Amino acid sequence: MHTWMHALLKCVSCGSSDLESGPGIRCRACGSEYPLNNNVPLMLPPASYIDVVDSISQQYLGVDKESINVAVGSALRYRVNDRVLRGEFQNIADRYIPAGVSGNSTPGNNNNSAVLICEYFNPLFRPQESSYRSFRIRNNSTFAYASSGNQPFHISYMLYNMDGSLASEGPRSRLPIPVEPGMELTVPVRIDAPHTAGEFRISVMLVQEHVKWHSEHPIFEGKIQVGTGSKFRERLLEPPHKGYFDFDEDLNQCSSFIKNVFSEIPSSTSQPLNVLELACGSDPQMIRHFQKNTRVTAVDLCYPQIQLASLKYNVSQPADCENFAFICADAFHAPFRDHQFDVVAISAALHHFVDLTQALIVMRRLLKPEGRIILLREPGKVAADDPTYIEELSNGFNEQQFELEEYEVMFERAGLKVANHQLDFECSYKASLMPVEP
Ligand SMILES: [Zn+2]
């Protein structure tokens with residue numbers, strides 16, 4: 001591990017930065033140990049995960065751990081095509097988790113209600129504007145909300161004049177997939193603003209077709225203001241692109257966007273800039289588009305993916321790899337002391353977090369006061385019927401889409417403001433952000 005990397009780290013169990021390197025990383029203060037595989041540390045609190053190899057070796061006394069490790073690894077390495085067989089073939093981790101350790105569960109209730117988990121409700125609309133606002137709900141009932149069939153659940157709203165009289169009923173927005181009891185889902189809800197300017201009260205709720213409006217348990221209540229609308233797009237750059245989304249052209253735009261941001265950061269000393277990329281998967285953009293005189297720490301929660309990133313970029317960019325570090329960690333328990341990074345970046349991943357405002361608050365905490373947060377390739381428009389979006393949700397990914405006006409709300413709540421932002425192909429959003437109060 002690079003010494004510069006070591007100097008940025010802290011223990012995720014006790015917060016101490018008194019760490020020693022050996023076969024792994026060990027906290028001298030609390031004794032927590034963090035293993036290394038392919039030279040990538042697993043910086044998760046030891047109590048937060050189970051090492052299946054340890055668990056099996058306790059049951060298979062006398063079998064060497066390395067052989068068990070190879071057997072477990074092959075569950076990831078080979079993939080069975082048949083979906084049903086795949087579950088059987090690959091669930092080795094689940095089979096060896098000791099009794100008493102399980103995932104979260106939420107008790108249901110009988111009032112049929114959906115509970116609001118989070119929203120980024122921007123109340124500003126222009127007359128007749130049609131836009132989306134997303135509501136993340138949890139099904140707190142004891143039955144599933146169907147998304148199709150004879151009596152599907154939708155989300156809609158009632159709009160009231162300020163004197164309490166009904167102004168209009170909203171259109172129905174479908175649930176992209178069914179919502180099982182205890183499950184959470186972010187649902188984009190279409191809002192059609194009235195023809196006339198003014199202030200209205202909005203009450204958002206479940207509607208079960210041919211059954212009822214769940215008006216006694218609204219998901220969200222607030223005000224909307226119909227007038228000049230949000231000013232958020234005034235300084236938005238929209239480069240001219242011909243035709244549909246072009247992945248390579250979008251990467252080129254990322255490259256020039258990153259260069260521009262770095263040109264704005266004051267670098268008063270000869271020290272390289274510290275760059276952090278969170279949730280980078282196996283392709284950290286800050287390494288792909290590496291800037292001279294920077295040091296990049298790439299972080300992902302998926303241990304195989306971040307090891308692959310390390311293996312790949314140490315081979316493909318050997319001249320710069322002294323300036324790359326790869327760490328497996330949870331962004332919400334990031335193993336770094338506060339305010340150490342000149343740039344904190346995230347690409348095509350912020351929208352997978354449960355609560356984007358909270359994720360941005362974490363990023364701001366890791367950032368130096370005069371630094372920049374960079375968002376790349378986040379969804380900048382809701383396409384509620386997009387088949388890829390629905391397929392990813394069906395496969396268990398926390399897929400979400402947002403309108404730019406919802407990012408405006410997230411940034412404001414996280415104490416951030418836009419330095420520059422750009423929308424490519426009407427959907428790929430890029431932004432550089434700075435703290436409102438440095
Ligand atoms: Zn510790």
# chains A, B, ... in the order shown; residues from 1 in each chain; ligands from 1
>>> residues_near_ligand(ligand="ligand 1", cutoff="9 Å", atoms="only C-alpha atoms and all ligand atoms", output="compact mmCIF listing (two decimals) with N, CA and C atoms, in the first residue's frame")
# COMPACT_ATOMS: atom_id res chain seq x y z
N LYS A 10 -8.46 6.03 8.08
CA LYS A 10 -8.78 5.91 9.50
C LYS A 10 -9.49 4.58 9.71
N CYS A 11 -9.52 4.14 10.96
CA CYS A 11 -10.22 2.91 11.31
C CYS A 11 -11.73 3.16 11.26
N VAL A 12 -12.47 2.29 10.56
CA VAL A 12 -13.92 2.51 10.48
C VAL A 12 -14.65 2.00 11.72
N SER A 13 -13.90 1.34 12.62
CA SER A 13 -14.53 0.90 13.87
C SER A 13 -14.43 1.98 14.95
N CYS A 14 -13.25 2.57 15.09
CA CYS A 14 -13.07 3.53 16.20
C CYS A 14 -12.65 4.93 15.74
N GLY A 15 -12.34 5.09 14.46
CA GLY A 15 -11.98 6.42 13.97
C GLY A 15 -10.52 6.77 14.12
N SER A 16 -9.73 5.91 14.76
CA SER A 16 -8.31 6.22 14.95
C SER A 16 -7.55 6.14 13.63
N SER A 17 -6.54 6.99 13.47
CA SER A 17 -5.72 6.88 12.27
C SER A 17 -4.38 6.21 12.60
N ASP A 18 -4.32 5.57 13.78
CA ASP A 18 -3.11 4.83 14.19
C ASP A 18 -3.20 3.40 13.64
N LEU A 19 -2.87 3.25 12.36
CA LEU A 19 -3.02 1.97 11.68
C LEU A 19 -1.65 1.42 11.32
N ARG A 26 -4.09 -3.20 10.48
CA ARG A 26 -4.56 -3.40 11.84
C ARG A 26 -4.60 -2.07 12.56
N CYS A 27 -5.70 -1.85 13.31
CA CYS A 27 -5.83 -0.63 14.10
C CYS A 27 -5.13 -0.84 15.44
N ARG A 28 -4.13 -0.01 15.74
CA ARG A 28 -3.42 -0.15 17.02
C ARG A 28 -4.31 0.27 18.18
N ALA A 29 -5.29 1.13 17.92
CA ALA A 29 -6.13 1.63 19.00
C ALA A 29 -7.17 0.60 19.45
N CYS A 30 -7.87 -0.02 18.51
CA CYS A 30 -8.97 -0.92 18.92
C CYS A 30 -8.74 -2.38 18.50
N GLY A 31 -7.66 -2.64 17.76
CA GLY A 31 -7.35 -4.02 17.39
C GLY A 31 -8.10 -4.54 16.17
N SER A 32 -8.98 -3.73 15.56
CA SER A 32 -9.70 -4.19 14.37
C SER A 32 -8.72 -4.55 13.27
N GLU A 33 -9.02 -5.64 12.55
CA GLU A 33 -8.16 -6.07 11.45
C GLU A 33 -8.90 -5.97 10.14
>>> select_by_dssp(residues="region 100-286 of chain A", states="strand (DSSP E or B)", output="count of residues only")
72
>>> closest_residue(among="A:Leu308, A:Ile202, A:Leu393, A:Ile155", to="Pro171 (chain A)", atoms="only C-alpha atoms")
A:Ile155
>>> residues_around(residues="Gly24 (chain A)", least_positions_apart="2", cutoff="6 Å", atoms="only C-alpha atoms", output="PyMOL selection string")
chain A and resi 21-22+34-36
>>> write_last_selection(atoms="N, CA, C and O atoms", output="PDB file, in the first residue's frame")
ATOM      1  N   SER A  21       0.439  -1.556   8.882  1.00  0.00           N
ATOM      2  CA  SER A  21       0.332  -2.487   7.761  1.00  0.00           C
ATOM      3  C   SER A  21       1.130  -3.737   8.053  1.00  0.00           C
ATOM      4  O   SER A  21       2.226  -3.674   8.590  1.00  0.00           O
ATOM      5  N   GLY A  22       0.557  -4.865   7.711  1.00  0.00           N
ATOM      6  CA  GLY A  22       1.249  -6.149   7.792  1.00  0.00           C
ATOM      7  C   GLY A  22       0.690  -7.002   6.677  1.00  0.00           C
ATOM      8  O   GLY A  22       0.551  -6.510   5.560  1.00  0.00           O
ATOM      9  N   TYR A  34      -8.207  -5.479   9.125  1.00  0.00           N
ATOM     10  CA  TYR A  34      -8.790  -5.325   7.789  1.00  0.00           C
ATOM     11  C   TYR A  34      -7.954  -6.142   6.816  1.00  0.00           C
ATOM     12  O   TYR A  34      -6.769  -5.857   6.628  1.00  0.00           O
ATOM     13  N   PRO A  35      -8.557  -7.173   6.196  1.00  0.00           N
ATOM     14  CA  PRO A  35      -7.773  -8.042   5.319  1.00  0.00           C
ATOM     15  C   PRO A  35      -7.411  -7.356   3.997  1.00  0.00           C
ATOM     16  O   PRO A  35      -8.035  -6.367   3.609  1.00  0.00           O
ATOM     17  N   LEU A  36      -6.398  -7.892   3.351  1.00  0.00           N
ATOM     18  CA  LEU A  36      -5.989  -7.433   2.018  1.00  0.00           C
ATOM     19  C   LEU A  36      -6.117  -8.602   1.047  1.00  0.00           C
ATOM     20  O   LEU A  36      -5.673  -9.706   1.355  1.00  0.00           O
TER      21      LEU A  36
END
>>> atom_distance(atom1="CA of Tyr389 (chain A)", atom2="CA of Arg190 (chain A)")
16.5 Å
>>> closest_residue(among="A:Val299, A:Ile68, A:Leu206, A:Val53", to="Ser113 (chain A)", atoms="only C-alpha atoms")
A:Leu206
>>> atom_distance(atom1="CA of Phe262 (chain A)", atom2="CA of Thr297 (chain A)")
16.1 Å
>>> closest_atom_pairs(of="region 251-303 of chain A", to="region 234-242 of chain A", cutoff="12 Å", atoms="only C-alpha atoms", output="CSV")
residue,atom,partner,partner_atom,distance
A:Asn252,CA,A:Pro239,CA,12.0
A:Gln253,CA,A:Pro239,CA,9.1
A:Ser256,CA,A:Pro239,CA,12.0
A:Phe257,CA,A:Leu237,CA,10.9
>>> closest_atom_pairs(of="region 128-219 of chain A", to="region 404-422 of chain A", cutoff="12 Å", atoms="only C-alpha atoms", output="Markdown table")
| residue | atom | partner | partner_atom | distance |
| --- | --- | --- | --- | --- |
| A:Ser131 | CA | A:Glu405 | CA | 9.3 |
| A:Tyr132 | CA | A:Glu406 | CA | 8.9 |
| A:Arg133 | CA | A:Glu406 | CA | 7.1 |
| A:Ser134 | CA | A:Glu406 | CA | 8.1 |
| A:Phe135 | CA | A:Glu406 | CA | 10.8 |
| A:Pro188 | CA | A:Glu406 | CA | 11.0 |
>>> write_last_selection(atoms="N, CA, C and O atoms", output="CSV table (one decimal), in the first residue's frame")
chain,number,residue,atom,x,y,z
A,131,SER,N,-44.0,17.3,-15.5
A,131,SER,CA,-42.6,16.9,-15.0
A,131,SER,C,-42.8,15.8,-14.0
A,131,SER,O,-43.9,15.4,-13.7
A,132,TYR,N,-41.7,15.2,-13.6
A,132,TYR,CA,-41.8,14.1,-12.6
A,132,TYR,C,-41.2,14.5,-11.3
A,132,TYR,O,-40.2,15.3,-11.2
A,133,ARG,N,-41.7,14.0,-10.2
A,133,ARG,CA,-41.1,14.1,-8.9
A,133,ARG,C,-41.1,12.7,-8.3
A,133,ARG,O,-42.2,12.0,-8.3
A,134,SER,N,-40.0,12.3,-7.8
A,134,SER,CA,-39.9,10.9,-7.3
A,134,SER,C,-40.1,10.8,-5.8
A,134,SER,O,-39.7,11.6,-5.0
A,135,PHE,N,-40.9,9.7,-5.4
A,135,PHE,CA,-41.1,9.4,-4.0
A,135,PHE,C,-40.6,8.0,-3.7
A,135,PHE,O,-41.0,7.1,-4.4
A,188,PRO,N,-41.3,7.4,-9.8
A,188,PRO,CA,-41.4,8.7,-10.4
A,188,PRO,C,-42.9,9.0,-10.7
A,188,PRO,O,-43.6,8.2,-11.3
>>> residues_around(residues="Asp355 (chain A)", least_positions_apart="6", cutoff="10 Å", atoms="only C-alpha atoms", output="count of residues only")
6
>>> residues_around(residues="Ala345 (chain A)", least_positions_apart="6", cutoff="8 Å", atoms="only C-alpha atoms", output="list in words")
Val275, Leu276, Glu277, Leu278, Met286, Ile373, Ile374, Leu375 and Leu376 of chain A
>>> residues_around(residues="Asn91 (chain A)", least_positions_apart="4", cutoff="12 Å", atoms="only C-alpha atoms", output="list in words")
Val52, Val72, Gly73, Ser74, Ala75, Leu76, Arg79, Val80, Val84, Leu85, Arg86, Gly87, Arg95, Tyr96 and Ile97 of chain A
